[in-house]
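Listing of start33.cif, mmCIF, C-alpha atoms
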data_target
loop_
_atom_site.label_atom_id
_atom_site.label_comp_id
_atom_site.auth_asym_id
_atom_site.auth_seq_id
_atom_site.Cartn_x
_atom_site.Cartn_y
_atom_site.Cartn_z
CA MET N 117 35.00 13.60 10.63
CA ALA N 118 33.22 16.95 10.81
CA LYS N 119 32.05 18.20 14.21
CA HIS N 120 28.70 19.27 12.79
CA ALA N 121 26.23 17.80 10.28
CA LEU N 122 23.32 19.77 8.87
CA VAL N 123 20.60 17.69 7.18
CA ILE N 124 18.06 19.64 5.12
CA SER N 125 15.07 17.71 3.78
CA LEU N 126 13.12 19.46 1.02
CA ASP N 127 9.89 17.48 0.95
CA ALA N 128 8.90 16.28 -2.57
CA LEU N 129 12.24 17.30 -4.13
CA GLY N 130 12.87 15.19 -7.23
CA TYR N 131 15.98 14.61 -9.28
CA SER N 132 14.22 16.27 -12.23
CA ASP N 133 13.85 19.48 -10.17
CA LEU N 134 17.61 19.94 -9.98
CA ARG N 135 18.16 18.58 -13.48
CA ASP N 136 15.78 21.10 -15.06
CA ARG N 137 15.79 24.14 -12.79
CA LEU N 138 19.16 24.40 -11.09
CA GLN N 139 19.79 27.77 -12.78
CA PHE N 140 16.98 29.20 -10.61
CA LEU N 141 18.40 27.70 -7.39
CA PRO N 142 21.70 29.48 -6.71
CA ASN N 143 22.14 28.32 -3.12
CA ILE N 144 21.60 24.66 -3.94
CA ALA N 145 23.84 25.04 -7.00
CA ALA N 146 26.61 26.42 -4.77
CA ILE N 147 26.39 23.35 -2.51
CA ILE N 148 26.57 21.06 -5.52
CA GLU N 149 29.63 22.91 -6.83
CA ARG N 150 31.55 22.44 -3.59
CA GLY N 151 30.37 18.88 -2.98
CA THR N 152 29.05 15.64 -4.42
CA TRP N 153 25.69 15.32 -6.15
CA VAL N 154 24.17 11.84 -6.10
CA LYS N 155 21.79 12.54 -8.95
CA GLU N 156 19.15 9.86 -8.48
CA VAL N 157 18.03 8.20 -5.25
CA ARG N 158 15.35 5.50 -5.27
CA GLY N 159 12.69 5.85 -2.59
CA VAL N 160 11.07 3.28 -0.31
CA TYR N 161 7.60 1.75 -0.54
CA PRO N 162 5.23 3.31 0.20
CA SER N 163 6.92 6.47 -1.08
CA ILE N 164 5.30 8.91 1.35
CA THR N 165 6.85 11.29 3.86
CA TYR N 166 6.77 9.42 7.17
CA PRO N 167 8.07 6.01 6.01
CA SER N 168 10.62 7.82 3.82
CA HIS N 169 12.04 10.06 6.54
CA THR N 170 12.24 7.16 8.95
CA SER N 171 14.18 5.14 6.37
CA ILE N 172 16.50 8.12 5.92
CA ILE N 173 17.20 8.39 9.66
CA THR N 174 17.48 4.61 10.35
CA GLY N 175 18.87 3.04 7.17
CA GLU N 176 16.04 0.49 7.22
CA PHE N 177 12.93 -0.22 5.14
CA PRO N 178 9.45 0.39 6.57
CA LYS N 179 8.86 -3.31 7.27
CA LYS N 180 11.79 -3.17 9.70
CA HIS N 181 11.56 0.30 11.26
CA GLY N 182 7.78 0.11 11.73
CA ILE N 183 6.60 3.37 10.12
CA ILE N 184 4.67 1.69 7.32
CA ASN N 185 2.27 4.55 6.57
CA ALA N 186 1.55 8.17 7.45
CA THR N 187 -1.44 7.35 9.67
CA LEU N 188 -2.51 4.58 12.02
CA ILE N 189 -5.26 2.10 11.19
CA GLN N 190 -8.24 3.93 12.68
CA PRO N 191 -10.84 3.48 9.91
CA GLU N 192 -13.71 4.85 12.00
CA ARG N 193 -12.01 8.25 12.37
CA ILE N 194 -12.38 11.07 9.79
CA SER N 195 -8.86 12.16 10.73
CA PRO N 196 -6.74 9.19 11.91
CA ASP N 197 -3.76 9.88 14.14
CA TRP N 198 -0.39 10.01 12.42
CA TYR N 199 2.82 8.18 13.28
CA TRP N 200 3.94 11.32 15.09
CA TYR N 201 5.75 9.75 18.03
CA ALA N 202 9.30 8.39 18.04
CA LYS N 203 8.13 5.50 20.21
CA HIS N 204 6.68 3.92 17.04
CA ILE N 205 10.19 3.48 15.55
CA LYS N 206 11.44 -0.04 16.25
CA VAL N 207 15.13 0.45 15.44
CA PRO N 208 17.90 2.94 16.38
CA THR N 209 18.05 6.32 14.63
CA VAL N 210 21.06 8.49 13.80
CA TYR N 211 20.03 10.94 16.51
CA ASP N 212 20.02 8.04 18.99
CA LEU N 213 23.60 7.19 17.96
CA ALA N 214 24.60 10.83 18.34
CA ARG N 215 23.10 11.08 21.84
CA GLU N 216 24.86 7.88 22.94
CA GLN N 217 28.20 9.45 21.93
CA GLY N 218 27.49 12.65 23.83
CA LEU N 219 26.72 14.75 20.75
CA THR N 220 23.99 17.40 20.75
CA THR N 221 21.01 17.20 18.42
CA ALA N 222 18.30 19.51 17.09
CA ALA N 223 15.27 18.73 14.93
CA PHE N 224 12.79 21.01 13.20
CA LEU N 225 9.58 19.36 11.96
CA TRP N 226 11.47 16.14 11.26
CA PRO N 227 8.75 13.46 11.00
CA VAL N 228 8.22 10.89 13.76
CA THR N 229 10.22 12.78 16.42
CA ALA N 230 7.45 13.67 18.88
CA GLY N 231 8.72 12.74 22.33
CA ALA N 232 12.18 11.89 20.98
CA LYS N 233 15.34 12.30 23.07
CA ILE N 234 16.59 15.28 21.06
CA ASN N 235 18.15 18.27 22.81
CA TRP N 236 16.22 20.94 20.89
CA ASN N 237 13.14 19.60 19.16
CA ILE N 238 10.15 21.15 17.40
CA ALA N 239 8.11 18.09 16.46
CA GLU N 240 5.81 17.77 13.48
CA ILE N 241 2.33 17.23 14.94
CA PHE N 242 -1.12 18.78 14.88
CA PRO N 243 -4.12 18.61 17.25
CA ASN N 244 -6.43 15.75 16.33
CA ARG N 245 -9.07 15.92 19.05
CA ILE N 246 -11.67 18.63 19.57
CA TRP N 247 -10.44 19.26 23.12
CA THR N 248 -6.84 19.97 22.03
CA ASN N 249 -5.13 22.87 20.29
CA GLN N 250 -1.92 23.39 18.34
CA TYR N 251 -0.13 25.17 21.16
CA THR N 252 -0.54 22.53 23.87
CA THR N 253 -0.13 19.62 21.43
CA SER N 254 3.19 20.97 20.14
CA LEU N 255 4.46 21.70 23.64
CA LYS N 256 3.77 18.15 24.78
CA ALA N 257 5.47 16.61 21.74
CA SER N 258 8.50 18.93 21.54
CA SER N 259 11.17 20.37 23.84
CA PRO N 260 8.74 22.68 25.66
CA LEU N 261 11.02 25.46 26.92
CA PHE N 262 12.86 25.54 23.61
CA LEU N 263 9.61 25.72 21.63
CA LEU N 264 8.32 28.50 23.88
CA ALA N 265 11.51 30.49 23.30
CA MET N 266 11.32 30.07 19.52
CA ASP N 267 7.63 30.93 19.51
CA ARG N 268 8.28 34.13 21.45
CA LYS N 269 10.96 35.15 18.98
CA TYR N 270 9.48 33.99 15.68
CA GLY N 271 5.86 32.96 16.27
CA GLN N 272 4.63 35.96 14.31
CA LEU N 273 6.07 34.37 11.15
CA ARG N 274 3.68 31.44 11.08
CA ASP N 275 -0.01 30.94 10.41
CA GLY N 276 -0.84 27.59 11.94
CA ILE N 277 0.42 24.87 9.60
CA ASN N 278 -0.11 26.92 6.43
CA GLN N 279 2.71 27.32 3.93
CA PRO N 280 4.99 29.13 3.28
CA GLU N 281 4.57 30.69 6.73
CA LEU N 282 5.37 27.47 8.59
CA ASP N 283 8.66 27.01 6.71
CA ASN N 284 9.53 30.64 7.46
CA PHE N 285 9.11 29.95 11.18
CA ILE N 286 11.02 26.67 11.04
CA THR N 287 13.93 28.19 9.14
CA ALA N 288 14.16 31.18 11.51
CA SER N 289 14.14 28.82 14.50
CA ALA N 290 16.79 26.57 12.94
CA VAL N 291 19.01 29.53 12.07
CA ASP N 292 18.75 30.84 15.63
CA THR N 293 19.59 27.42 17.06
CA ILE N 294 22.57 26.86 14.77
CA VAL N 295 24.03 30.22 15.75
CA THR N 296 23.37 30.00 19.50
CA LYS N 297 23.49 26.25 20.24
CA LYS N 298 25.79 24.87 17.49
CA PRO N 299 24.25 21.36 17.52
CA ASN N 300 26.39 18.50 16.28
CA LEU N 301 23.43 17.13 14.30
CA THR N 302 20.67 19.37 12.95
CA LEU N 303 17.66 17.90 11.13
CA ILE N 304 15.39 20.27 9.19
CA HIS N 305 12.25 19.34 7.25
CA LEU N 306 10.74 21.97 4.92
CA VAL N 307 7.33 21.23 3.39
CA ASP N 308 6.41 24.29 1.27
CA MET N 309 6.88 22.64 -2.12
CA ASP N 310 5.17 19.38 -1.16
CA SER N 311 2.11 21.32 0.04
CA HIS N 312 1.85 23.34 -3.15
CA ARG N 313 2.36 20.32 -5.38
CA HIS N 314 -0.51 18.57 -3.65
CA ARG N 315 -2.74 21.60 -4.07
CA TYR N 316 -1.79 22.88 -7.53
CA GLY N 317 0.19 20.16 -9.34
CA VAL N 318 3.79 19.05 -9.68
CA ARG N 319 5.04 21.70 -12.11
CA SER N 320 2.50 24.39 -11.27
CA GLN N 321 3.76 27.94 -10.92
CA GLN N 322 2.90 27.77 -7.23
CA ALA N 323 5.15 24.73 -6.79
CA LEU N 324 7.98 26.32 -8.78
CA ASP N 325 7.71 29.46 -6.64
CA ALA N 326 7.93 27.27 -3.54
CA MET N 327 11.11 25.70 -4.91
CA VAL N 328 12.69 29.14 -5.15
CA ARG N 329 11.65 29.89 -1.56
CA LEU N 330 13.23 26.63 -0.42
CA ASP N 331 16.47 27.58 -2.11
CA ALA N 332 16.43 30.86 -0.19
CA HIS N 333 15.96 28.93 3.08
CA VAL N 334 18.93 26.74 2.18
CA GLY N 335 21.00 29.91 1.76
CA GLN N 336 19.88 31.15 5.19
CA LEU N 337 20.86 27.86 6.82
CA VAL N 338 24.30 27.82 5.20
CA GLN N 339 24.84 31.42 6.30
CA ALA N 340 23.88 30.45 9.84
CA THR N 341 26.81 28.02 10.03
CA LYS N 342 29.11 30.84 8.92
CA ASP N 343 27.67 33.20 11.51
CA ALA N 344 28.12 30.49 14.14
CA GLY N 345 31.76 29.99 13.14
CA ILE N 346 31.23 26.29 12.34
CA TYR N 347 31.04 26.39 8.53
CA GLU N 348 34.53 24.94 8.05
CA ASP N 349 33.69 22.05 10.38
CA ALA N 350 30.19 21.34 9.02
CA ASP N 351 29.08 18.73 6.50
CA PHE N 352 25.83 19.39 4.66
CA MET N 353 23.31 16.82 3.49
CA LEU N 354 20.57 18.21 1.22
CA LEU N 355 17.98 15.64 0.25
CA GLY N 356 14.46 14.85 -0.92
CA ASP N 357 12.23 12.11 0.44
CA HIS N 358 10.09 11.33 -2.62
CA TYR N 359 8.83 13.01 -5.78
CA GLN N 360 5.22 13.57 -6.86
CA LEU N 361 3.04 12.79 -9.89
CA ASN N 362 0.04 14.72 -11.20
CA VAL N 363 -3.37 13.15 -10.49
CA ASP N 364 -7.01 13.83 -11.33
CA LYS N 365 -8.97 10.74 -10.23
CA MET N 366 -9.38 8.98 -6.89
CA ILE N 367 -10.34 5.36 -6.19
CA HIS N 368 -12.49 4.43 -3.16
CA LEU N 369 -11.96 0.66 -2.78
CA ASN N 370 -13.78 0.47 0.56
CA MET N 371 -16.99 1.26 -1.32
CA LEU N 372 -16.59 -2.01 -3.24
CA PHE N 373 -15.87 -3.91 -0.05
CA GLU N 374 -19.04 -2.52 1.52
CA GLU N 375 -21.07 -3.67 -1.48
CA GLN N 376 -19.72 -7.19 -0.87
CA GLY N 377 -20.65 -7.03 2.82
CA TRP N 378 -17.00 -7.17 3.92
CA LEU N 379 -17.23 -3.91 5.86
CA ARG N 380 -19.85 -1.37 6.96
CA GLY N 381 -19.53 2.29 6.09
CA THR N 382 -20.60 5.15 8.34
CA ARG N 383 -22.61 8.27 7.62
CA ASN N 384 -19.46 10.38 7.50
CA GLY N 385 -17.87 8.10 4.90
CA ARG N 386 -15.64 6.11 7.24
CA VAL N 387 -15.59 2.40 8.19
CA ARG N 388 -16.96 0.63 11.26
CA ARG N 389 -14.48 -1.37 13.34
CA ASP N 390 -15.96 -4.80 12.54
CA TRP N 391 -14.50 -4.91 9.01
CA GLN N 392 -13.30 -8.12 7.38
CA VAL N 393 -11.53 -6.44 4.45
CA LEU N 394 -10.05 -2.94 4.63
CA ALA N 395 -8.26 -0.61 2.21
CA LYS N 396 -5.74 1.66 3.96
CA HIS N 397 -4.33 4.11 1.45
CA THR N 398 -0.86 5.49 0.94
CA ASP N 399 -2.07 7.84 -1.83
CA GLY N 400 -0.61 6.31 -5.02
CA ALA N 401 -0.93 2.82 -3.52
CA THR N 402 -3.09 1.20 -0.87
CA TYR N 403 -2.69 -1.64 1.57
CA ILE N 404 -5.42 -4.28 1.75
CA TYR N 405 -5.85 -5.96 5.14
CA LEU N 406 -7.83 -9.20 5.55
CA ARG N 407 -9.19 -10.54 8.81
CA ASP N 408 -10.70 -13.50 6.97
CA GLY N 409 -8.10 -15.28 4.85
CA SER N 410 -10.75 -17.23 2.97
CA LEU N 411 -11.63 -13.99 1.13
CA HIS N 412 -8.15 -13.71 -0.42
CA ASP N 413 -8.98 -14.85 -3.94
CA ALA N 414 -12.30 -12.99 -4.08
CA VAL N 415 -10.70 -9.71 -2.99
CA ARG N 416 -7.83 -10.05 -5.46
CA ALA N 417 -10.21 -10.80 -8.34
CA LEU N 418 -12.43 -7.85 -7.43
CA VAL N 419 -9.71 -5.20 -7.18
CA ARG N 420 -8.04 -6.32 -10.42
CA GLN N 421 -11.16 -5.22 -12.30
CA VAL N 422 -11.22 -1.68 -10.93
CA GLU N 423 -10.49 1.23 -13.24
CA GLY N 424 -7.14 2.80 -12.41
CA VAL N 425 -5.57 -0.26 -10.76
CA LYS N 426 -2.13 -0.96 -12.21
CA ASN N 427 -0.66 -3.74 -10.06
CA VAL N 428 -1.75 -6.09 -7.30
CA PHE N 429 1.23 -7.15 -5.18
CA GLU N 430 0.78 -10.32 -3.14
CA HIS N 431 1.98 -10.54 0.45
CA ALA N 432 5.41 -11.96 -0.40
CA GLU N 433 5.94 -9.27 -3.02
CA LEU N 434 5.00 -6.34 -0.78
CA VAL N 435 7.30 -7.67 1.95
CA GLU N 436 10.15 -7.92 -0.55
CA LEU N 437 9.43 -4.30 -1.50
CA GLY N 438 9.83 -3.33 2.16
CA ALA N 439 6.20 -2.53 3.02
CA ASP N 440 3.98 -3.64 5.92
CA PRO N 441 4.21 -7.43 6.45
CA LYS N 442 0.81 -7.39 8.21
CA ALA N 443 -0.95 -6.44 4.96
CA SER N 444 -2.31 -9.05 2.58
CA PHE N 445 -1.98 -7.04 -0.64
CA MET N 446 -0.53 -3.79 -1.94
CA ILE N 447 -2.46 -2.20 -4.79
CA GLU N 448 -0.67 0.20 -7.13
CA ALA N 449 -2.58 2.94 -8.98
CA LYS N 450 -2.06 3.84 -12.62
CA ASP N 451 -0.74 7.27 -13.51
CA THR N 452 -3.18 10.12 -12.69
CA TYR N 453 -5.04 7.91 -10.13
CA TYR N 454 -4.70 7.63 -6.35
CA PHE N 455 -6.60 5.97 -3.49
CA THR N 456 -8.65 7.08 -0.49
CA ASP N 457 -10.20 5.11 2.38
CA GLU N 458 -13.68 6.60 1.99
CA THR N 459 -17.12 5.06 1.68
CA HIS N 460 -20.42 6.65 0.61
CA ARG N 461 -19.01 8.56 -2.35
CA PRO N 462 -20.88 9.07 -5.68
CA ALA N 463 -18.75 6.42 -7.41
CA VAL N 464 -15.87 4.05 -6.77
CA VAL N 465 -13.73 6.06 -9.21
CA GLU N 466 -14.29 9.79 -8.92
CA GLU N 467 -12.82 12.84 -10.61
CA VAL N 468 -11.11 15.42 -8.40
CA THR N 469 -12.85 18.70 -9.16
CA SER N 470 -11.72 22.28 -8.62
CA GLU N 471 -14.74 22.71 -6.32
CA MET N 472 -13.41 19.97 -4.01
CA LEU N 473 -10.00 21.61 -3.91
CA GLU N 474 -11.38 25.08 -3.27
CA ALA N 475 -13.57 23.74 -0.47
CA GLY N 476 -10.50 22.26 1.21
CA GLU N 477 -11.88 18.72 1.34
CA PRO N 478 -9.30 16.29 2.81
CA ASP N 479 -7.43 13.95 0.45
CA ARG N 480 -8.19 16.03 -2.64
CA TYR N 481 -5.06 16.54 -4.73
CA LYS N 482 -3.66 17.63 -8.06
CA GLY N 483 -0.35 15.98 -7.25
CA THR N 484 0.64 13.18 -4.88
CA HIS N 485 3.07 10.34 -4.15
CA GLY N 486 3.15 6.86 -2.65
CA TYR N 487 3.80 5.04 -5.92
CA LEU N 488 6.28 2.25 -6.56
CA PRO N 489 9.79 3.74 -6.22
CA SER N 490 10.85 2.24 -9.58
CA HIS N 491 8.25 4.34 -11.42
CA ASN N 492 9.77 6.22 -14.34
CA ASN N 493 10.92 9.80 -13.58
CA TYR N 494 10.12 9.40 -9.88
CA THR N 495 13.50 9.43 -8.16
CA THR N 496 14.57 11.91 -5.52
CA THR N 497 18.12 13.26 -5.11
CA LEU N 498 20.95 13.90 -2.63
CA VAL N 499 23.70 16.52 -2.33
CA LEU N 500 26.60 16.24 0.12
CA ALA N 501 29.16 18.97 0.82
CA GLY N 502 31.70 19.88 3.47
CA PRO N 503 35.21 19.12 4.69
CA ASP N 504 34.75 15.34 4.44
CA ILE N 505 33.14 15.30 0.99
CA LYS N 506 34.74 15.31 -2.45
CA ALA N 507 34.11 18.55 -4.34
CA GLY N 508 32.79 18.97 -7.89
CA GLN N 509 31.66 15.35 -8.17
CA VAL N 510 28.49 14.03 -9.81
CA LEU N 511 27.61 10.39 -9.16
CA ASN N 512 25.33 8.12 -11.17
CA LEU N 513 24.93 5.28 -8.69
CA ASP N 514 22.32 2.75 -7.66
CA VAL N 515 21.43 4.48 -4.39
CA ASN N 516 18.44 3.84 -2.15
CA LEU N 517 16.94 6.16 0.46
CA THR N 518 18.11 3.67 3.11
CA ASP N 519 21.74 4.43 2.18
CA GLU N 520 21.35 7.95 3.55
CA GLY N 521 21.17 6.84 7.19
CA PRO N 522 24.59 5.15 7.31
CA THR N 523 26.02 8.03 5.27
CA MET N 524 24.57 10.59 7.67
CA ALA N 525 26.01 8.68 10.62
CA ALA N 526 29.44 8.57 8.98
CA LEU N 527 29.47 12.37 8.69
CA LEU N 528 29.77 12.46 12.49
CA GLY N 529 32.00 9.41 12.81
CA LEU N 530 29.09 7.27 13.98
CA LYS N 531 28.05 3.77 12.94
CA PHE N 532 25.00 1.60 13.55
CA GLU N 533 25.84 -1.19 15.99
CA ASN N 534 23.99 -3.80 13.95
CA GLN N 535 24.07 -4.05 10.17
CA VAL N 536 21.23 -2.14 8.50
CA ALA N 537 19.76 -2.44 5.03
CA GLY N 538 21.44 0.73 3.79
CA LYS N 539 25.09 1.15 2.88
CA GLN N 540 27.36 4.16 3.33
CA ILE N 541 27.87 6.07 0.07
CA THR N 542 31.65 5.80 0.34
CA GLN N 543 32.26 7.31 -3.12
CA ALA N 544 31.23 10.72 -1.78
CA PHE N 545 33.89 10.85 0.93
CA LYS N 546 37.45 12.08 0.64
CA GLU N 547 40.23 9.56 1.13
CA SER N 548 41.09 9.30 4.82
#

Output the file's structure as structure tokens, nothing else.
Amino acid sequence: MAKHALVISLDALGYSDLRDRLQFLPNIAAIIERGTWVKEVRGVYPSITYPSHTSIITGEFPKKHGIINATLIQPERISPDWYWYAKHIKVPTVYDLAREQGLTTAAFLWPVTAGAKINWNIAEIFPNRIWTNQYTTSLKASSPLFLLAMDRKYGQLRDGINQPELDNFITASAVDTIVTKKPNLTLIHLVDMDSHRHRYGVRSQQALDAMVRLDAHVGQLVQATKDAGIYEDADFMLLGDHYQLNVDKMIHLNMLFEEQGWLRGTRNGRVRRDWQVLAKHTDGATYIYLRDGSLHDAVRALVRQVEGVKNVFEHAELVELGADPKASFMIEAKDTYYFTDETHRPAVVEEVTSEMLEAGEPDRYKGTHGYLPSHNNYTTTLVLAGPDIKAGQVLNLDVNLTDEGPTMAALLGLKFENQVAGKQITQAFKES
């Protein structure tokens, strides 16, 4: 197999993006032409970035790998901590397999890699306590000397975590590392389009402009392998993690639970720790956790009546879908609706206004994700190219995000020791 694998994740990339706008994406089009395009890939539930990327890198569903949401259950906090640290992952990752075989690894903003055993790592993390700052938080979570070197060279490109500046910094750092270090496995996560879809909408001009910028970054990364002299020995994996849908209303279920006396809200709109029933959102869906099982039927009946609720999945159903087995329910929102965890809002169902967006209030979106992966026009996509991949091939297969982990491992001749949920996409590989 190839000596090098370059995995580029374009956050919020959907199949429909490449279907409708490939003529504006010359670098991605070039990869498709010389490789295999798996047109539609079904996501995992909940279809948000952290569970999705962990399914990509492990081949398992969230219920097995343990990253069942973006943030931890800390309902009393305005800004809960995220699943930043690799210690939260309960199963082996592809970069673990690579390390065990003596291969070198690099990761750039790949989710859930803080503190991971990666040779050159810039972790995705932000300061979440008033006594911390971005600089020290990133150093602690990443490869510190490596991050310092990249920051000295390219730190002027970024503006905190704002986009597109952050992607500019990440791409420059990845290009430098590919040329100078030649990692066997390189993981890159670019977030420009996801950020602009949240802020302006799925097909907004801002999001379409971000897509063009992402294509330019892809071109830079491909060129880096040529400059490094490894292009002929490198397999490429270009993928999305989920798509997004436009929204304009949010649902605050914890307000209803407070009215029933099942939890107590705080002045800042959060929830005290002595709750009996708790909604923990994943944007287009929300978990419901019960500490008192006798409330099961009452909670189910209450949430079914709420405007914007599409489905109520019982425990057995949400486990079958791959979500958190500790939750009692999973609630799915209708199109244009999404959930928050807030209390003390003007109404249980509230319109997202331009004033909220302009003020930068948290959890205020024009586009978001987290919905059931089988939702119509909601698939992501995958492109493979390189010496081990068939050229000029388009596949219409039943592929899940979990299939990308075993496929990624195979690019480097690696294999998970124990059987995982995902399967290698063998149709993409040349005959051995």

Find the nearest atom pair between each residue of stretch 279-337 of chain N and stretch 253-265 of chain N for residues within 12 Å, count all atoms listed in the file, give distances in Å to one decimal, sort rows by chain and ascending number, and present the table as a Markdown table.
| residue | atom | partner | partner_atom | distance |
| --- | --- | --- | --- | --- |
| N:Phe285 | CA | N:Leu263 | CA | 11.3 |
| N:Ile286 | CA | N:Leu263 | CA | 10.7 |
| N:Ser289 | CA | N:Leu263 | CA | 9.0 |
| N:Ala290 | CA | N:Leu263 | CA | 11.3 |
| N:Asp292 | CA | N:Ala265 | CA | 10.6 |
| N:Thr293 | CA | N:Phe262 | CA | 9.6 |
| N:Lys297 | CA | N:Phe262 | CA | 11.2 |

Just-selected residues, C-alpha atoms written as a PDB file, in the coordinates of the input:
ATOM      1  CA  PHE N 285       9.110  29.950  11.180  1.00  0.00           C
ATOM      2  CA  ILE N 286      11.020  26.670  11.040  1.00  0.00           C
ATOM      3  CA  SER N 289      14.140  28.820  14.500  1.00  0.00           C
ATOM      4  CA  ALA N 290      16.790  26.570  12.940  1.00  0.00           C
ATOM      5  CA  ASP N 292      18.750  30.840  15.630  1.00  0.00           C
ATOM      6  CA  THR N 293      19.590  27.420  17.060  1.00  0.00           C
ATOM      7  CA  LYS N 297      23.490  26.250  20.240  1.00  0.00           C
TER       8      LYS N 297
END

Computed gap from atom CA of N:Asp364 to atom CA of N:Glu466 is 8.7 Å

Evaluated on this file, the PyMOL selection byres ((chain N and resi 167) around 8) picks out some residues - which ones are they, written as a ChimeraX atom specification? /N:160-166,168-171,177-178,183-186

Name the residues that the PyMOL selection byres ((chain N and resi 419) around 10) pulls out of this structure, and write them as an mmCIF file with C-alpha atoms, in the coordinates of the input.
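Generated file (out.cif):
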data_model
loop_
_atom_site.group_PDB
_atom_site.id
_atom_site.type_symbol
_atom_site.label_atom_id
_atom_site.label_comp_id
_atom_site.auth_asym_id
_atom_site.auth_seq_id
_atom_site.Cartn_x
_atom_site.Cartn_y
_atom_site.Cartn_z
ATOM 1 C CA LEU N 369 -11.960 0.660 -2.780
ATOM 2 C CA LEU N 372 -16.590 -2.010 -3.240
ATOM 3 C CA PHE N 373 -15.870 -3.910 -0.050
ATOM 4 C CA ILE N 404 -5.420 -4.280 1.750
ATOM 5 C CA ALA N 414 -12.300 -12.990 -4.080
ATOM 6 C CA VAL N 415 -10.700 -9.710 -2.990
ATOM 7 C CA ARG N 416 -7.830 -10.050 -5.460
ATOM 8 C CA ALA N 417 -10.210 -10.800 -8.340
ATOM 9 C CA LEU N 418 -12.430 -7.850 -7.430
ATOM 10 C CA ARG N 420 -8.040 -6.320 -10.420
ATOM 11 C CA GLN N 421 -11.160 -5.220 -12.300
ATOM 12 C CA VAL N 422 -11.220 -1.680 -10.930
ATOM 13 C CA GLU N 423 -10.490 1.230 -13.240
ATOM 14 C CA GLY N 424 -7.140 2.800 -12.410
ATOM 15 C CA VAL N 425 -5.570 -0.260 -10.760
ATOM 16 C CA ASN N 427 -0.660 -3.740 -10.060
ATOM 17 C CA VAL N 428 -1.750 -6.090 -7.300
ATOM 18 C CA ILE N 447 -2.460 -2.200 -4.790
#

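Across N:His358, N:His120, N:Lys539, N:Arg245, the tightest approach to N:Glu156 is made by N:His358 when counting all atoms listed in the file.
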
Residue neighbourhood stretch 124-137 of chain N, 9 Å, only C-alpha atoms, exclusion window fewer than 2 positions, as number ranges by chain: N: 122, 139-141, 144-145, 155-157, 165, 169, 226, 302-311, 313, 327, 330, 334, 337, 352-360, 485, 493-498

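Ranking N:Asn284, N:Thr174, N:Asn235, N:Thr382 by their shortest atom-to-atom distance to N:Ala332, with all atoms listed in the file included, puts N:Asn284 first.
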
Could you list, as a PDB file with C-alpha atoms, in the coordinates of the input, every residue matched by the PyMOL selection byres ((chain N and resi 189-193) around 9) in this structure?
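What ended up in selection-v4.pdb:
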ATOM      1  CA  THR N 187      -1.440   7.350   9.670  1.00  0.00           C
ATOM      2  CA  LEU N 188      -2.510   4.580  12.020  1.00  0.00           C
ATOM      3  CA  ILE N 194     -12.380  11.070   9.790  1.00  0.00           C
ATOM      4  CA  SER N 195      -8.860  12.160  10.730  1.00  0.00           C
ATOM      5  CA  PRO N 196      -6.740   9.190  11.910  1.00  0.00           C
ATOM      6  CA  ASP N 197      -3.760   9.880  14.140  1.00  0.00           C
ATOM      7  CA  GLY N 381     -19.530   2.290   6.090  1.00  0.00           C
ATOM      8  CA  THR N 382     -20.600   5.150   8.340  1.00  0.00           C
ATOM      9  CA  GLY N 385     -17.870   8.100   4.900  1.00  0.00           C
ATOM     10  CA  ARG N 386     -15.640   6.110   7.240  1.00  0.00           C
ATOM     11  CA  VAL N 387     -15.590   2.400   8.190  1.00  0.00           C
ATOM     12  CA  ARG N 388     -16.960   0.630  11.260  1.00  0.00           C
ATOM     13  CA  ARG N 389     -14.480  -1.370  13.340  1.00  0.00           C
ATOM     14  CA  LEU N 394     -10.050  -2.940   4.630  1.00  0.00           C
ATOM     15  CA  LYS N 396      -5.740   1.660   3.960  1.00  0.00           C
ATOM     16  CA  ASP N 457     -10.200   5.110   2.380  1.00  0.00           C
ATOM     17  CA  GLU N 458     -13.680   6.600   1.990  1.00  0.00           C
TER      18      GLU N 458
END

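Going from atom CA of N:Ala449 to atom CA of N:Thr398 covers 10.4 Å.
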
May I ask for the distance between atom CA of N:Trp200 and atom CA of N:Ala525, given in Å to one decimal place? 22.7 Å

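Proximity ranking of N:Asp514, N:Asp351, N:Glu436, N:Glu448 relative to N:Gly529 places N:Asp351 first, based on all atoms listed in the file.
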
Find the residues around N:Arg150 up to 10 Å (only C-alpha atoms counted), leave out those fewer than 6 positions away in its own chain, and share them as a compact mmCIF listing (two decimals) with C-alpha atoms, in the frame of the given file.
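The resulting out33.txt:
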# COMPACT_ATOMS: atom_id res chain seq x y z
CA VAL N 499 23.70 16.52 -2.33
CA LEU N 500 26.60 16.24 0.12
CA ALA N 501 29.16 18.97 0.82
CA GLY N 502 31.70 19.88 3.47
CA PRO N 503 35.21 19.12 4.69
CA ILE N 505 33.14 15.30 0.99
CA LYS N 506 34.74 15.31 -2.45
CA ALA N 507 34.11 18.55 -4.34
CA GLY N 508 32.79 18.97 -7.89
CA GLN N 509 31.66 15.35 -8.17

Looking at all atoms listed in the file, which of N:Leu517, N:Val338, N:Leu361, N:Ile238 is the one that sits closest to N:Ile147? N:Val338

Distance query N:Pro522 at most 10 Å, all atoms listed in the file, self and fewer than 4 positions along chain excluded, as an NGL selection string: :N and (172-176 or 209-210 or 518 or 526-527 or 530-532 or 535-542)

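Take the candidates N:Ser490, N:Asn534, N:Thr452, N:Thr459 and check each one against N:Gly159 using all atoms listed in the file; the shortest distance goes to N:Ser490.
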
Could you pull the residues within 10 Å of N:Gly377, counting only C-alpha atoms, minus those fewer than 5 positions along the same chain, as a ChimeraX atom specification? /N:371-372,391-393
